[in-house]
Amino acid sequence: MSYPKIGFTTLITCLSIVLTPRVLIGATINLPEFSPSAQGDGFEKTEITRQIANQLTESTEPIVPAPVPPLILNPPPRFCLIKPTFLARHPLRRLVIPTRRMYRSSNFSSKVGLLSQIALQYASIGQSDQALQSAQAIKDEYAKVDTLIEIAQLYVEAGEPEVATPILSQALPLVPAIKDESIKVDTLIGIAQLYIESREPELATPILLQALPLVQNFKTDYRQTTLLTSIAVKLTEAGQLSQALQVANTQKPEDEKVNTLVEIAIKLAQIGQLSQALEIAQGLNKFSQFRVWSKSAEHYIKTGQHNQAIQLAQNVNDYCDQAEILYKVVGYLLDAEQYELALQNAQIIEYRPRKDKALRDIAIKLAQAGKFDQALPLAQSIESVQNRAEALTQIATHLVEAGQQSKASEILSQALEITESINTEQLSQPKPLPIRRESVPLPNLIELTQ
């Protein structure tokens, strides 16, 4: 095949590029031993909450903390490895933890359903007394507790937790009447979550601990592991990291334990306890570490915490992982249309293939936004000829859409010339893996966001 034909084929292929981020793997290291300060100072239950929570089960054996082995660091990998395809197709179970799980039953009578709706309508207009009166008129205990929790949820979301917490204290004693153990546990977790959101974590903790024996008696493994992970994450959010780690240590098989630790680390990062999240992540395998970095960075960007996302990348010591996280941060910033900040992050990526891909993505996004004066010089500065050709081709496409056919034709000519210069043997053969080198310090965090 002649070089013009190769160039034309490659140019057409550029129009349908699918970006697939590489995921890294490495050796597993043992879980770290946490200092007393990292484990939390415990809690003092109020007498009323303790008495109510103790009604949920007749007896509860205390959880015996499992010993945590000391941290043993393995030598860092020297190559940026691509994750095997079987892991990409079959990753560890992704747990989606609902913040609340309220239930509606089709078996509720029309009267019960109407009373519930009336109570919720009263609550939605701020008439809590009438809402409670309507809810108390419901004879079905299951429907009553469901309605009370939903009323409390409305007030929490409205920023009035002082109204929600007394309502939750009325709902809690009704939970034992729920016959379905799975629904009972979900309801307890929902109440605990609302206490956490109401800034009353000391009331949430005993409820979560009383739910544990119920979950441990479940015969369905998947349901059990899902709820145990949910409880561990809620305990973490309530400031009870030591208790959360104990729950994680009860998870079997090992991959479920690792999954729970990943979710705990992500939650720690989300609530601003990055140092503890990093400490847990360092004890996990490379794939699990990357899940923590990726999901935490995604949360920071989506919630507008760009500084925290950059700080997270700065704390990733591994050269390969740091490049991957910064590349993901660039992607999240582009989705948020933070083009300038995305470019600043792309420029500090050390691993050249990832840097070129990041610059290509930014150039394409700028062109998509009609910022051709910024997109074109950026695309032309890309070192990788293939990424440069891809960026120029996409810019030409957006120029056509903008009605600038003459300029598009000029850019396409550049893209074709670059594509024809690509060595086909280099394209068909895998690139050698880069030797790992020490990561240089990233620029000052404040400078990046100015």
# chains A, B, ... in the order shown; residues from 1 in each chain; ligands from 1
>>> select_by_dssp(residues="range 217-365 of chain A", states="alpha helix (DSSP H)", output="number ranges by chain")
A: 221-237, 241-249, 254-270, 274-281, 286-302, 306-314, 319-335, 339-347, 352-365
>>> closest_residue(among="A:Ile422, A:Ile118, A:Ile196, A:Ala367", to="Ala402 in chain A", atoms="only C-alpha atoms")
A:Ala367
>>> closest_residue(among="A:Ser198, A:Gln270, A:Ser413, A:Ser134", to="Gly159 in chain A", atoms="only C-alpha atoms")
A:Ser198
>>> residues_around(residues="Gly126 in chain A", least_positions_apart="2", cutoff="12 Å", atoms="only C-alpha atoms", output="number ranges by chain")
A: 119-124, 128-132, 151-152, 154-155, 158-160, 163-164
>>> write_last_selection(atoms="C-alpha atoms", output="PDB file, in the first residue's frame")
ATOM      1  CA  ALA A 119     -48.002  13.714  55.647  1.00  0.00           C
ATOM      2  CA  LEU A 120     -45.318  14.268  53.036  1.00  0.00           C
ATOM      3  CA  GLN A 121     -47.230  17.165  51.512  1.00  0.00           C
ATOM      4  CA  TYR A 122     -47.524  18.815  54.935  1.00  0.00           C
ATOM      5  CA  ALA A 123     -43.779  18.351  55.414  1.00  0.00           C
ATOM      6  CA  SER A 124     -43.012  19.812  51.990  1.00  0.00           C
ATOM      7  CA  SER A 128     -44.101  19.506  60.597  1.00  0.00           C
ATOM      8  CA  ASP A 129     -46.763  19.171  63.321  1.00  0.00           C
ATOM      9  CA  GLN A 130     -49.471  18.310  60.806  1.00  0.00           C
ATOM     10  CA  ALA A 131     -47.071  16.006  58.968  1.00  0.00           C
ATOM     11  CA  LEU A 132     -46.348  14.053  62.147  1.00  0.00           C
ATOM     12  CA  ILE A 151     -40.427  13.302  56.257  1.00  0.00           C
ATOM     13  CA  ALA A 152     -37.091  13.536  58.060  1.00  0.00           C
ATOM     14  CA  LEU A 154     -37.249  16.253  53.378  1.00  0.00           C
ATOM     15  CA  TYR A 155     -36.193  18.401  56.331  1.00  0.00           C
ATOM     16  CA  ALA A 158     -34.144  21.540  53.243  1.00  0.00           C
ATOM     17  CA  GLY A 159     -31.311  22.331  55.655  1.00  0.00           C
ATOM     18  CA  GLU A 160     -33.400  21.911  58.814  1.00  0.00           C
ATOM     19  CA  VAL A 163     -36.562  19.309  62.766  1.00  0.00           C
ATOM     20  CA  ALA A 164     -35.439  15.987  61.261  1.00  0.00           C
TER      21      ALA A 164
END
>>> residues_around(residues="Gln289 in chain A", least_positions_apart="4", cutoff="9 Å", atoms="only C-alpha atoms", output="PyMOL selection string")
chain A and resi 262+278+280-285+293-294+321
>>> write_last_selection(atoms="C-alpha atoms", output="short mmCIF file (atom, residue, chain, number, x, y, z; two decimals), in the first residue's frame")
data_model
loop_
_atom_site.label_atom_id
_atom_site.label_comp_id
_atom_site.auth_asym_id
_atom_site.auth_seq_id
_atom_site.Cartn_x
_atom_site.Cartn_y
_atom_site.Cartn_z
CA VAL A 262 -11.25 0.81 48.60
CA LEU A 278 -3.57 7.70 51.21
CA ILE A 280 -5.11 2.92 53.42
CA ALA A 281 -4.48 2.99 49.67
CA GLN A 282 -0.76 2.37 50.14
CA GLY A 283 -1.62 -1.03 51.62
CA LEU A 284 -3.62 -2.12 48.57
CA ASN A 285 -2.60 -3.60 45.24
CA TRP A 293 -7.04 7.80 43.11
CA SER A 294 -9.43 7.86 40.16
CA ASP A 321 0.12 6.32 38.55
#
>>> atom_distance(atom1="CA of Gln251 in chain A", atom2="CA of Lys295 in chain A")
21.8 Å
>>> closest_residue(among="A:Glu340, A:Glu390, A:Asp335, A:Glu324", to="Ile364 in chain A", atoms="only C-alpha atoms")
A:Glu390
>>> closest_residue(among="A:Ile125, A:Asp140, A:Leu333, A:Arg360", to="Thr303 in chain A", atoms="only C-alpha atoms")
A:Leu333
>>> residues_around(residues="Ala269 in chain A", least_positions_apart="3", cutoff="9 Å", atoms="only C-alpha atoms", output="tab-separated table (two decimals) with N, CA and C atoms, in the first residue's frame")
chain	number	residue	atom	x	y	z
A	264	ILE	N	-13.83	2.56	51.64
A	264	ILE	CA	-13.50	3.34	52.84
A	264	ILE	C	-12.51	4.45	52.49
A	265	ALA	N	-11.49	4.11	51.72
A	265	ALA	CA	-10.48	5.11	51.33
A	265	ALA	C	-11.10	6.21	50.48
A	266	ILE	N	-11.98	5.83	49.57
A	266	ILE	CA	-12.63	6.84	48.73
A	266	ILE	C	-13.48	7.77	49.59
A	272	GLY	N	-12.58	14.81	53.09
A	272	GLY	CA	-11.47	15.69	53.40
A	272	GLY	C	-10.35	15.08	54.20
A	273	GLN	N	-10.37	13.78	54.44
A	273	GLN	CA	-9.31	13.12	55.22
A	273	GLN	C	-8.36	12.40	54.26
A	274	LEU	N	-7.69	13.21	53.44
A	274	LEU	CA	-6.86	12.65	52.37
A	274	LEU	C	-5.68	11.86	52.89
A	275	SER	N	-5.05	12.31	53.97
A	275	SER	CA	-3.87	11.60	54.48
A	275	SER	C	-4.23	10.19	54.91
A	276	GLN	N	-5.39	10.02	55.55
A	276	GLN	CA	-5.81	8.68	55.96
A	276	GLN	C	-6.21	7.84	54.75
A	277	ALA	N	-6.81	8.47	53.75
A	277	ALA	CA	-7.14	7.75	52.52
A	277	ALA	C	-5.87	7.25	51.84
A	278	LEU	N	-4.84	8.11	51.80
A	278	LEU	CA	-3.57	7.70	51.21
A	278	LEU	C	-2.94	6.55	51.98
A	292	VAL	N	-8.90	4.06	43.96
A	292	VAL	CA	-9.01	5.11	44.97
A	292	VAL	C	-8.64	6.46	44.38
A	296	SER	N	-11.56	9.35	43.72
A	296	SER	CA	-11.39	10.51	44.58
A	296	SER	C	-11.19	11.76	43.74
A	297	ALA	N	-10.33	11.66	42.72
A	297	ALA	CA	-10.10	12.81	41.84
A	297	ALA	C	-11.39	13.21	41.12
A	299	HIS	N	-14.43	12.81	42.21
A	299	HIS	CA	-15.30	13.48	43.18
A	299	HIS	C	-14.86	14.92	43.39
A	300	TYR	N	-13.56	15.14	43.52
A	300	TYR	CA	-13.07	16.49	43.75
A	300	TYR	C	-13.42	17.43	42.59
A	312	LEU	N	-4.14	15.65	45.40
A	312	LEU	CA	-4.17	14.19	45.35
A	312	LEU	C	-3.10	13.68	44.40
>>> closest_residue(among="A:Leu326, A:Ala369, A:Gln338, A:Glu279", to="Arg354 in chain A", atoms="only C-alpha atoms")
A:Leu326
>>> atom_distance(atom1="CA of Thr419 in chain A", atom2="CA of Ile395 in chain A")
14.9 Å
>>> atom_distance(atom1="CA of Ala238 in chain A", atom2="CA of Pro201 in chain A")
4.8 Å
